[in-house]
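One file, target_38.cif, is given below (mmCIF, N, CA and C atoms).
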```cif
data_structure
loop_
_atom_site.label_atom_id
_atom_site.label_comp_id
_atom_site.auth_asym_id
_atom_site.auth_seq_id
_atom_site.Cartn_x
_atom_site.Cartn_y
_atom_site.Cartn_z
N MET A 1 -1.69 24.17 -9.42
CA MET A 1 -2.72 23.21 -9.80
C MET A 1 -2.72 23.09 -11.32
N SER A 2 -2.78 21.89 -11.81
CA SER A 2 -2.69 21.67 -13.25
C SER A 2 -3.98 22.10 -13.95
N LEU A 3 -3.87 22.31 -15.21
CA LEU A 3 -5.03 22.69 -16.02
C LEU A 3 -6.11 21.62 -15.93
N THR A 4 -5.72 20.37 -15.95
CA THR A 4 -6.69 19.28 -15.86
C THR A 4 -7.47 19.35 -14.56
N ARG A 5 -6.78 19.55 -13.46
CA ARG A 5 -7.46 19.64 -12.16
C ARG A 5 -8.38 20.85 -12.11
N ASN A 6 -7.96 21.97 -12.71
CA ASN A 6 -8.83 23.15 -12.75
C ASN A 6 -10.09 22.87 -13.55
N LEU A 7 -9.95 22.18 -14.68
CA LEU A 7 -11.11 21.85 -15.50
C LEU A 7 -12.04 20.89 -14.77
N ILE A 8 -11.48 19.91 -14.09
CA ILE A 8 -12.30 18.96 -13.33
C ILE A 8 -13.04 19.69 -12.22
N ALA A 9 -12.35 20.58 -11.54
CA ALA A 9 -12.99 21.34 -10.45
C ALA A 9 -14.12 22.20 -11.00
N ALA A 10 -13.90 22.84 -12.15
CA ALA A 10 -14.94 23.67 -12.74
C ALA A 10 -16.14 22.82 -13.17
N LEU A 11 -15.88 21.68 -13.78
CA LEU A 11 -16.97 20.79 -14.17
C LEU A 11 -17.72 20.27 -12.95
N ALA A 12 -16.99 19.98 -11.89
CA ALA A 12 -17.64 19.49 -10.67
C ALA A 12 -18.60 20.53 -10.13
N LEU A 13 -18.19 21.78 -10.15
CA LEU A 13 -19.07 22.84 -9.67
C LEU A 13 -20.30 22.99 -10.54
N LEU A 14 -20.10 22.88 -11.85
CA LEU A 14 -21.22 23.03 -12.78
C LEU A 14 -22.20 21.86 -12.69
N THR A 15 -21.71 20.67 -12.35
CA THR A 15 -22.58 19.50 -12.29
C THR A 15 -23.14 19.23 -10.92
N GLY A 16 -22.81 20.08 -9.97
CA GLY A 16 -23.41 19.92 -8.64
C GLY A 16 -22.53 19.26 -7.62
N VAL A 17 -21.37 18.75 -8.01
CA VAL A 17 -20.48 18.14 -7.02
C VAL A 17 -20.10 19.16 -5.98
N GLY A 18 -19.92 20.39 -6.38
CA GLY A 18 -19.54 21.45 -5.45
C GLY A 18 -20.62 21.78 -4.43
N THR A 19 -21.83 21.34 -4.64
CA THR A 19 -22.90 21.64 -3.70
C THR A 19 -22.74 20.88 -2.39
N LEU A 20 -21.79 19.96 -2.35
CA LEU A 20 -21.55 19.21 -1.13
C LEU A 20 -20.71 20.00 -0.13
N SER A 21 -20.39 21.25 -0.45
CA SER A 21 -19.55 22.04 0.44
C SER A 21 -20.22 22.28 1.79
N ALA A 22 -21.53 22.16 1.86
CA ALA A 22 -22.23 22.32 3.13
C ALA A 22 -22.19 21.03 3.95
N ALA A 23 -21.63 19.98 3.39
CA ALA A 23 -21.53 18.70 4.09
C ALA A 23 -20.54 18.83 5.24
N PRO A 24 -20.61 17.93 6.20
CA PRO A 24 -19.67 17.97 7.32
C PRO A 24 -18.23 17.82 6.85
N ASN A 25 -17.31 18.38 7.59
CA ASN A 25 -15.89 18.20 7.29
C ASN A 25 -15.50 16.79 7.65
N GLY A 26 -14.71 16.17 6.79
CA GLY A 26 -14.27 14.81 7.04
C GLY A 26 -13.05 14.75 7.92
N ASP A 27 -12.97 13.70 8.70
CA ASP A 27 -11.84 13.44 9.59
C ASP A 27 -11.09 12.22 9.04
N VAL A 28 -9.83 12.42 8.65
CA VAL A 28 -9.06 11.36 8.02
C VAL A 28 -8.91 10.15 8.93
N GLU A 29 -8.58 10.38 10.20
CA GLU A 29 -8.40 9.25 11.13
C GLU A 29 -9.70 8.49 11.35
N ALA A 30 -10.80 9.21 11.49
CA ALA A 30 -12.09 8.54 11.64
C ALA A 30 -12.42 7.75 10.38
N GLY A 31 -12.09 8.31 9.23
CA GLY A 31 -12.33 7.62 7.97
C GLY A 31 -11.51 6.34 7.86
N LYS A 32 -10.28 6.39 8.35
CA LYS A 32 -9.44 5.18 8.33
C LYS A 32 -10.10 4.08 9.14
N THR A 33 -10.61 4.42 10.31
CA THR A 33 -11.28 3.44 11.17
C THR A 33 -12.53 2.90 10.49
N LYS A 34 -13.28 3.77 9.84
CA LYS A 34 -14.54 3.38 9.20
C LYS A 34 -14.33 2.63 7.88
N SER A 35 -13.11 2.62 7.36
CA SER A 35 -12.86 2.05 6.04
C SER A 35 -12.66 0.54 6.05
N ALA A 36 -12.76 -0.11 7.20
CA ALA A 36 -12.51 -1.56 7.28
C ALA A 36 -13.34 -2.34 6.27
N THR A 37 -14.60 -2.02 6.13
CA THR A 37 -15.47 -2.72 5.17
C THR A 37 -15.03 -2.45 3.74
N CYS A 38 -14.65 -1.22 3.46
CA CYS A 38 -14.22 -0.82 2.11
C CYS A 38 -12.98 -1.59 1.67
N GLN A 39 -12.12 -1.89 2.65
CA GLN A 39 -10.83 -2.52 2.35
C GLN A 39 -10.98 -3.89 1.71
N ALA A 40 -12.08 -4.56 1.95
CA ALA A 40 -12.27 -5.89 1.38
C ALA A 40 -12.22 -5.87 -0.14
N CYS A 41 -12.72 -4.81 -0.76
CA CYS A 41 -12.73 -4.72 -2.22
C CYS A 41 -11.73 -3.70 -2.77
N HIS A 42 -11.52 -2.61 -2.03
CA HIS A 42 -10.70 -1.52 -2.54
C HIS A 42 -9.28 -1.50 -1.99
N GLY A 43 -8.96 -2.40 -1.07
CA GLY A 43 -7.62 -2.46 -0.49
C GLY A 43 -7.50 -1.54 0.71
N ALA A 44 -6.49 -1.80 1.53
CA ALA A 44 -6.30 -1.08 2.79
C ALA A 44 -6.17 0.43 2.59
N ASP A 45 -5.50 0.84 1.52
CA ASP A 45 -5.31 2.27 1.29
C ASP A 45 -6.07 2.77 0.08
N GLY A 46 -6.91 1.92 -0.50
CA GLY A 46 -7.69 2.32 -1.67
C GLY A 46 -6.97 2.16 -2.98
N ASN A 47 -5.80 1.53 -2.97
CA ASN A 47 -5.00 1.35 -4.18
C ASN A 47 -4.99 -0.06 -4.73
N THR A 48 -5.31 -1.04 -3.91
CA THR A 48 -5.17 -2.43 -4.29
C THR A 48 -6.54 -3.10 -4.30
N THR A 49 -7.16 -3.11 -5.46
CA THR A 49 -8.49 -3.70 -5.55
C THR A 49 -8.37 -5.21 -5.77
N ILE A 50 -9.39 -5.94 -5.36
CA ILE A 50 -9.36 -7.39 -5.53
C ILE A 50 -9.74 -7.80 -6.95
N ASP A 51 -10.26 -6.86 -7.70
CA ASP A 51 -10.75 -7.14 -9.05
C ASP A 51 -10.57 -5.84 -9.84
N GLY A 52 -10.14 -5.97 -11.06
CA GLY A 52 -9.92 -4.78 -11.89
C GLY A 52 -11.16 -3.94 -12.15
N SER A 53 -12.34 -4.49 -11.90
CA SER A 53 -13.55 -3.72 -12.12
C SER A 53 -13.89 -2.80 -10.95
N TYR A 54 -13.21 -2.98 -9.81
CA TYR A 54 -13.43 -2.11 -8.65
C TYR A 54 -12.52 -0.91 -8.76
N PRO A 55 -13.05 0.28 -8.56
CA PRO A 55 -12.21 1.48 -8.72
C PRO A 55 -11.21 1.66 -7.59
N LYS A 56 -10.10 2.29 -7.95
CA LYS A 56 -9.13 2.72 -6.94
C LYS A 56 -9.65 4.01 -6.34
N LEU A 57 -9.65 4.10 -5.03
CA LEU A 57 -10.19 5.26 -4.34
C LEU A 57 -9.11 6.24 -3.91
N ALA A 58 -7.91 5.75 -3.68
CA ALA A 58 -6.83 6.59 -3.17
C ALA A 58 -6.50 7.73 -4.12
N GLY A 59 -6.41 8.92 -3.55
CA GLY A 59 -6.03 10.08 -4.33
C GLY A 59 -7.16 10.74 -5.10
N GLN A 60 -8.35 10.17 -5.06
CA GLN A 60 -9.49 10.81 -5.71
C GLN A 60 -9.88 12.06 -4.92
N TYR A 61 -10.54 12.98 -5.56
CA TYR A 61 -11.03 14.17 -4.86
C TYR A 61 -12.08 13.76 -3.83
N ALA A 62 -12.00 14.34 -2.63
CA ALA A 62 -12.97 14.03 -1.58
C ALA A 62 -14.39 14.36 -2.03
N THR A 63 -14.56 15.45 -2.76
CA THR A 63 -15.90 15.83 -3.22
C THR A 63 -16.47 14.80 -4.20
N TYR A 64 -15.60 14.25 -5.03
CA TYR A 64 -16.04 13.21 -5.97
C TYR A 64 -16.47 11.96 -5.20
N LEU A 65 -15.64 11.53 -4.25
CA LEU A 65 -15.95 10.33 -3.47
C LEU A 65 -17.25 10.52 -2.68
N ALA A 66 -17.41 11.69 -2.08
CA ALA A 66 -18.63 11.97 -1.31
C ALA A 66 -19.86 11.96 -2.21
N LYS A 67 -19.75 12.56 -3.38
CA LYS A 67 -20.88 12.58 -4.31
C LYS A 67 -21.24 11.16 -4.73
N ALA A 68 -20.23 10.36 -5.04
CA ALA A 68 -20.50 8.98 -5.45
C ALA A 68 -21.22 8.22 -4.34
N LEU A 69 -20.76 8.35 -3.10
CA LEU A 69 -21.41 7.64 -1.99
C LEU A 69 -22.83 8.14 -1.76
N HIS A 70 -23.03 9.45 -1.84
CA HIS A 70 -24.39 10.00 -1.70
C HIS A 70 -25.29 9.49 -2.84
N ASP A 71 -24.74 9.41 -4.04
CA ASP A 71 -25.52 8.93 -5.18
C ASP A 71 -25.87 7.44 -5.06
N TYR A 72 -24.94 6.64 -4.53
CA TYR A 72 -25.26 5.23 -4.27
C TYR A 72 -26.36 5.14 -3.22
N LYS A 73 -26.25 5.95 -2.20
CA LYS A 73 -27.22 5.92 -1.10
C LYS A 73 -28.62 6.33 -1.58
N SER A 74 -28.69 7.34 -2.43
CA SER A 74 -29.98 7.83 -2.92
C SER A 74 -30.56 6.98 -4.05
N GLY A 75 -29.73 6.16 -4.67
CA GLY A 75 -30.17 5.38 -5.82
C GLY A 75 -29.91 6.06 -7.15
N GLU A 76 -29.37 7.28 -7.11
CA GLU A 76 -29.04 8.01 -8.33
C GLU A 76 -27.97 7.25 -9.14
N ARG A 77 -27.05 6.63 -8.43
CA ARG A 77 -26.01 5.81 -9.04
C ARG A 77 -26.34 4.36 -8.72
N LYS A 78 -26.35 3.52 -9.71
CA LYS A 78 -26.82 2.14 -9.55
C LYS A 78 -25.68 1.15 -9.39
N ASN A 79 -25.66 0.48 -8.26
CA ASN A 79 -24.77 -0.65 -8.01
C ASN A 79 -25.29 -1.32 -6.75
N PRO A 80 -25.83 -2.52 -6.86
CA PRO A 80 -26.46 -3.14 -5.70
C PRO A 80 -25.52 -3.36 -4.52
N ILE A 81 -24.27 -3.65 -4.78
CA ILE A 81 -23.32 -3.86 -3.69
C ILE A 81 -23.06 -2.54 -2.98
N MET A 82 -22.72 -1.51 -3.74
CA MET A 82 -22.41 -0.21 -3.13
C MET A 82 -23.64 0.43 -2.50
N ALA A 83 -24.80 0.22 -3.09
CA ALA A 83 -26.02 0.78 -2.52
C ALA A 83 -26.26 0.22 -1.12
N GLY A 84 -26.01 -1.07 -0.95
CA GLY A 84 -26.17 -1.69 0.36
C GLY A 84 -25.23 -1.12 1.40
N PHE A 85 -23.98 -0.90 1.01
CA PHE A 85 -23.02 -0.32 1.95
C PHE A 85 -23.36 1.14 2.24
N ALA A 86 -23.62 1.90 1.19
CA ALA A 86 -23.87 3.34 1.34
C ALA A 86 -25.13 3.62 2.15
N ALA A 87 -26.10 2.73 2.07
CA ALA A 87 -27.37 2.94 2.79
C ALA A 87 -27.16 3.07 4.29
N THR A 88 -26.11 2.47 4.80
CA THR A 88 -25.86 2.49 6.25
C THR A 88 -25.03 3.69 6.70
N LEU A 89 -24.54 4.48 5.75
CA LEU A 89 -23.62 5.58 6.08
C LEU A 89 -24.36 6.88 6.40
N SER A 90 -23.90 7.56 7.43
CA SER A 90 -24.40 8.91 7.73
C SER A 90 -23.62 9.91 6.88
N ASP A 91 -24.07 11.16 6.87
CA ASP A 91 -23.33 12.20 6.15
C ASP A 91 -21.91 12.33 6.71
N GLN A 92 -21.77 12.19 8.03
CA GLN A 92 -20.44 12.29 8.64
C GLN A 92 -19.57 11.11 8.23
N ASP A 93 -20.14 9.91 8.17
CA ASP A 93 -19.38 8.74 7.71
C ASP A 93 -18.87 8.96 6.30
N ILE A 94 -19.73 9.47 5.44
CA ILE A 94 -19.34 9.73 4.04
C ILE A 94 -18.22 10.76 3.98
N ALA A 95 -18.34 11.82 4.76
CA ALA A 95 -17.29 12.84 4.79
C ALA A 95 -15.97 12.26 5.29
N ASP A 96 -16.03 11.45 6.34
CA ASP A 96 -14.82 10.86 6.90
C ASP A 96 -14.16 9.89 5.93
N LEU A 97 -14.94 9.02 5.32
CA LEU A 97 -14.39 8.07 4.35
C LEU A 97 -13.80 8.79 3.14
N SER A 98 -14.49 9.81 2.67
CA SER A 98 -14.00 10.59 1.52
C SER A 98 -12.69 11.28 1.85
N ALA A 99 -12.60 11.85 3.05
CA ALA A 99 -11.36 12.51 3.48
C ALA A 99 -10.22 11.51 3.57
N TYR A 100 -10.50 10.33 4.12
CA TYR A 100 -9.45 9.31 4.27
C TYR A 100 -8.90 8.87 2.92
N PHE A 101 -9.78 8.46 2.02
CA PHE A 101 -9.28 7.96 0.73
C PHE A 101 -8.66 9.07 -0.11
N ALA A 102 -9.16 10.29 0.00
CA ALA A 102 -8.55 11.41 -0.74
C ALA A 102 -7.15 11.70 -0.22
N ALA A 103 -6.90 11.44 1.05
CA ALA A 103 -5.60 11.74 1.66
C ALA A 103 -4.55 10.68 1.33
N GLN A 104 -4.96 9.56 0.79
CA GLN A 104 -4.01 8.48 0.48
C GLN A 104 -3.30 8.78 -0.84
N ALA A 105 -2.04 8.40 -0.89
CA ALA A 105 -1.28 8.56 -2.14
C ALA A 105 -1.84 7.60 -3.16
N GLY A 106 -2.30 8.13 -4.25
CA GLY A 106 -2.90 7.29 -5.29
C GLY A 106 -1.97 7.12 -6.46
N ASP A 107 -2.24 6.11 -7.25
CA ASP A 107 -1.45 5.92 -8.46
C ASP A 107 -2.28 6.18 -9.71
N ILE A 108 -3.31 7.01 -9.54
CA ILE A 108 -4.12 7.42 -10.67
C ILE A 108 -3.28 8.39 -11.50
N LYS A 109 -3.23 8.15 -12.78
CA LYS A 109 -2.35 8.93 -13.66
C LYS A 109 -3.13 10.00 -14.42
N ASP A 110 -2.46 11.16 -14.60
CA ASP A 110 -3.00 12.22 -15.44
C ASP A 110 -2.65 11.87 -16.89
N ILE A 111 -3.65 11.63 -17.71
CA ILE A 111 -3.40 11.26 -19.10
C ILE A 111 -3.87 12.35 -20.06
N SER A 112 -4.02 13.57 -19.54
CA SER A 112 -4.53 14.65 -20.38
C SER A 112 -3.62 14.98 -21.55
N HIS A 113 -2.35 14.60 -21.44
CA HIS A 113 -1.41 14.90 -22.51
C HIS A 113 -1.57 13.96 -23.71
N LEU A 114 -2.29 12.86 -23.52
CA LEU A 114 -2.49 11.90 -24.61
C LEU A 114 -3.62 12.39 -25.53
N LYS A 115 -3.44 12.19 -26.78
CA LYS A 115 -4.46 12.64 -27.72
C LYS A 115 -4.95 11.50 -28.55
#
```
Rewrite the structure from the file as structure tokens, please.
Amino acid sequence: MSLTRNLIAALALLTGVGTLSAAPNGDVEAGKTKSATCQACHGADGNTTIDGSYPKLAGQYATYLAKALHDYKSGERKNPIMAGFAATLSDQDIADLSAYFAAQAGDIKDISHLK
């Protein structure tokens, strides 16, 4: 595991992202089925967004994705479009979607070497 990933994991634990460990385990196949709505903006595999302002989901950490969805659902994170979608999701739906997008090959680049 790279130093960057270790630092991100440590920061996630310190900021509460790690507290989602009690959440249900995600099922990748169930997440794929549930991702049909997500695909409209984030692409079939989470790599091809319809607009550059929409984030790529593929390859992100499942804990990060789950925290973001929980935060949209609770209102902690503000985005009217995502809040509407997240409001309908159960904890299991969030776990499944997070597992699916985390399992996809992403093209997110590690830029920690840049100064």
(request) Would you write out, as an MDAnalysis selection string, every residue that the PyMOL selection byres (((chain A and resi 107 and name CA) around 10) and name CA) captures in this file? (result) chainID A and resid 46:47 56:60 104:106 108:110
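Between atom N of Asp93 in chain A and CA of Gly52 in chain A lies a distance of 26.9 Å.
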(request) Using only C-alpha atoms, pick whichever of A:Phe85, A:Tyr72, A:Tyr54, A:Tyr64 has the shortest atom-to-atom distance to Ser98 in chain A. (result) A:Tyr64
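Of note, CA of Thr33 in chain A and CA of Thr88 in chain A are spaced 15.4 Å apart.
Taking atom C of Gln92 in chain A and CA of Ala68 in chain A as endpoints, the distance between them is 13.9 Å.
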(request) Show which residues sit within 10 Å of Ala66 in chain A, as a PyMOL selection string. Count only C-alpha atoms, and ignore same-chain residues fewer than 5 positions away. (result) chain A and resi 17+20+23+26+61+71-72+91+93-99
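Each of A:Ala62, A:Thr37, A:Thr48, A:Pro80 was checked against Phe101 in chain A using only N, CA and C atoms; the smallest atom-to-atom distance is that of A:Ala62.
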Point (-23.5, 4.9, 1.3), cut-off 6.5 Å, counting all atoms listed in the file, residues as an mmCIF file with N, CA and C atoms, in the frame of the given file:
```cif
data_model
loop_
_atom_site.group_PDB
_atom_site.id
_atom_site.type_symbol
_atom_site.label_atom_id
_atom_site.label_comp_id
_atom_site.auth_asym_id
_atom_site.auth_seq_id
_atom_site.Cartn_x
_atom_site.Cartn_y
_atom_site.Cartn_z
ATOM 1 N N LEU A 69 -20.760 8.350 -3.100
ATOM 2 C CA LEU A 69 -21.410 7.640 -1.990
ATOM 3 C C LEU A 69 -22.830 8.140 -1.760
ATOM 4 N N HIS A 70 -23.030 9.450 -1.840
ATOM 5 C CA HIS A 70 -24.390 10.000 -1.700
ATOM 6 C C HIS A 70 -25.290 9.490 -2.840
ATOM 7 N N TYR A 72 -24.940 6.640 -4.530
ATOM 8 C CA TYR A 72 -25.260 5.230 -4.270
ATOM 9 C C TYR A 72 -26.360 5.140 -3.220
ATOM 10 N N LYS A 73 -26.250 5.950 -2.200
ATOM 11 C CA LYS A 73 -27.220 5.920 -1.100
ATOM 12 C C LYS A 73 -28.620 6.330 -1.580
ATOM 13 N N MET A 82 -22.720 -1.510 -3.740
ATOM 14 C CA MET A 82 -22.410 -0.210 -3.130
ATOM 15 C C MET A 82 -23.640 0.430 -2.500
ATOM 16 N N ALA A 83 -24.800 0.220 -3.090
ATOM 17 C CA ALA A 83 -26.020 0.780 -2.520
ATOM 18 C C ALA A 83 -26.260 0.220 -1.120
ATOM 19 N N GLY A 84 -26.010 -1.070 -0.950
ATOM 20 C CA GLY A 84 -26.170 -1.690 0.360
ATOM 21 C C GLY A 84 -25.230 -1.120 1.400
ATOM 22 N N PHE A 85 -23.980 -0.900 1.010
ATOM 23 C CA PHE A 85 -23.020 -0.320 1.950
ATOM 24 C C PHE A 85 -23.360 1.140 2.240
ATOM 25 N N ALA A 86 -23.620 1.900 1.190
ATOM 26 C CA ALA A 86 -23.870 3.340 1.340
ATOM 27 C C ALA A 86 -25.130 3.620 2.150
ATOM 28 N N ALA A 87 -26.100 2.730 2.070
ATOM 29 C CA ALA A 87 -27.370 2.940 2.790
ATOM 30 C C ALA A 87 -27.160 3.070 4.290
ATOM 31 N N THR A 88 -26.110 2.470 4.800
ATOM 32 C CA THR A 88 -25.860 2.490 6.250
ATOM 33 C C THR A 88 -25.030 3.690 6.700
ATOM 34 N N LEU A 89 -24.540 4.480 5.750
ATOM 35 C CA LEU A 89 -23.620 5.580 6.080
ATOM 36 C C LEU A 89 -24.360 6.880 6.400
#
```
(request) Tell me which of A:Ser53, A:Lys67, A:Ser112, A:Ala102 sits closest to Val28 in chain A, counting only C-alpha atoms. (result) A:Ala102
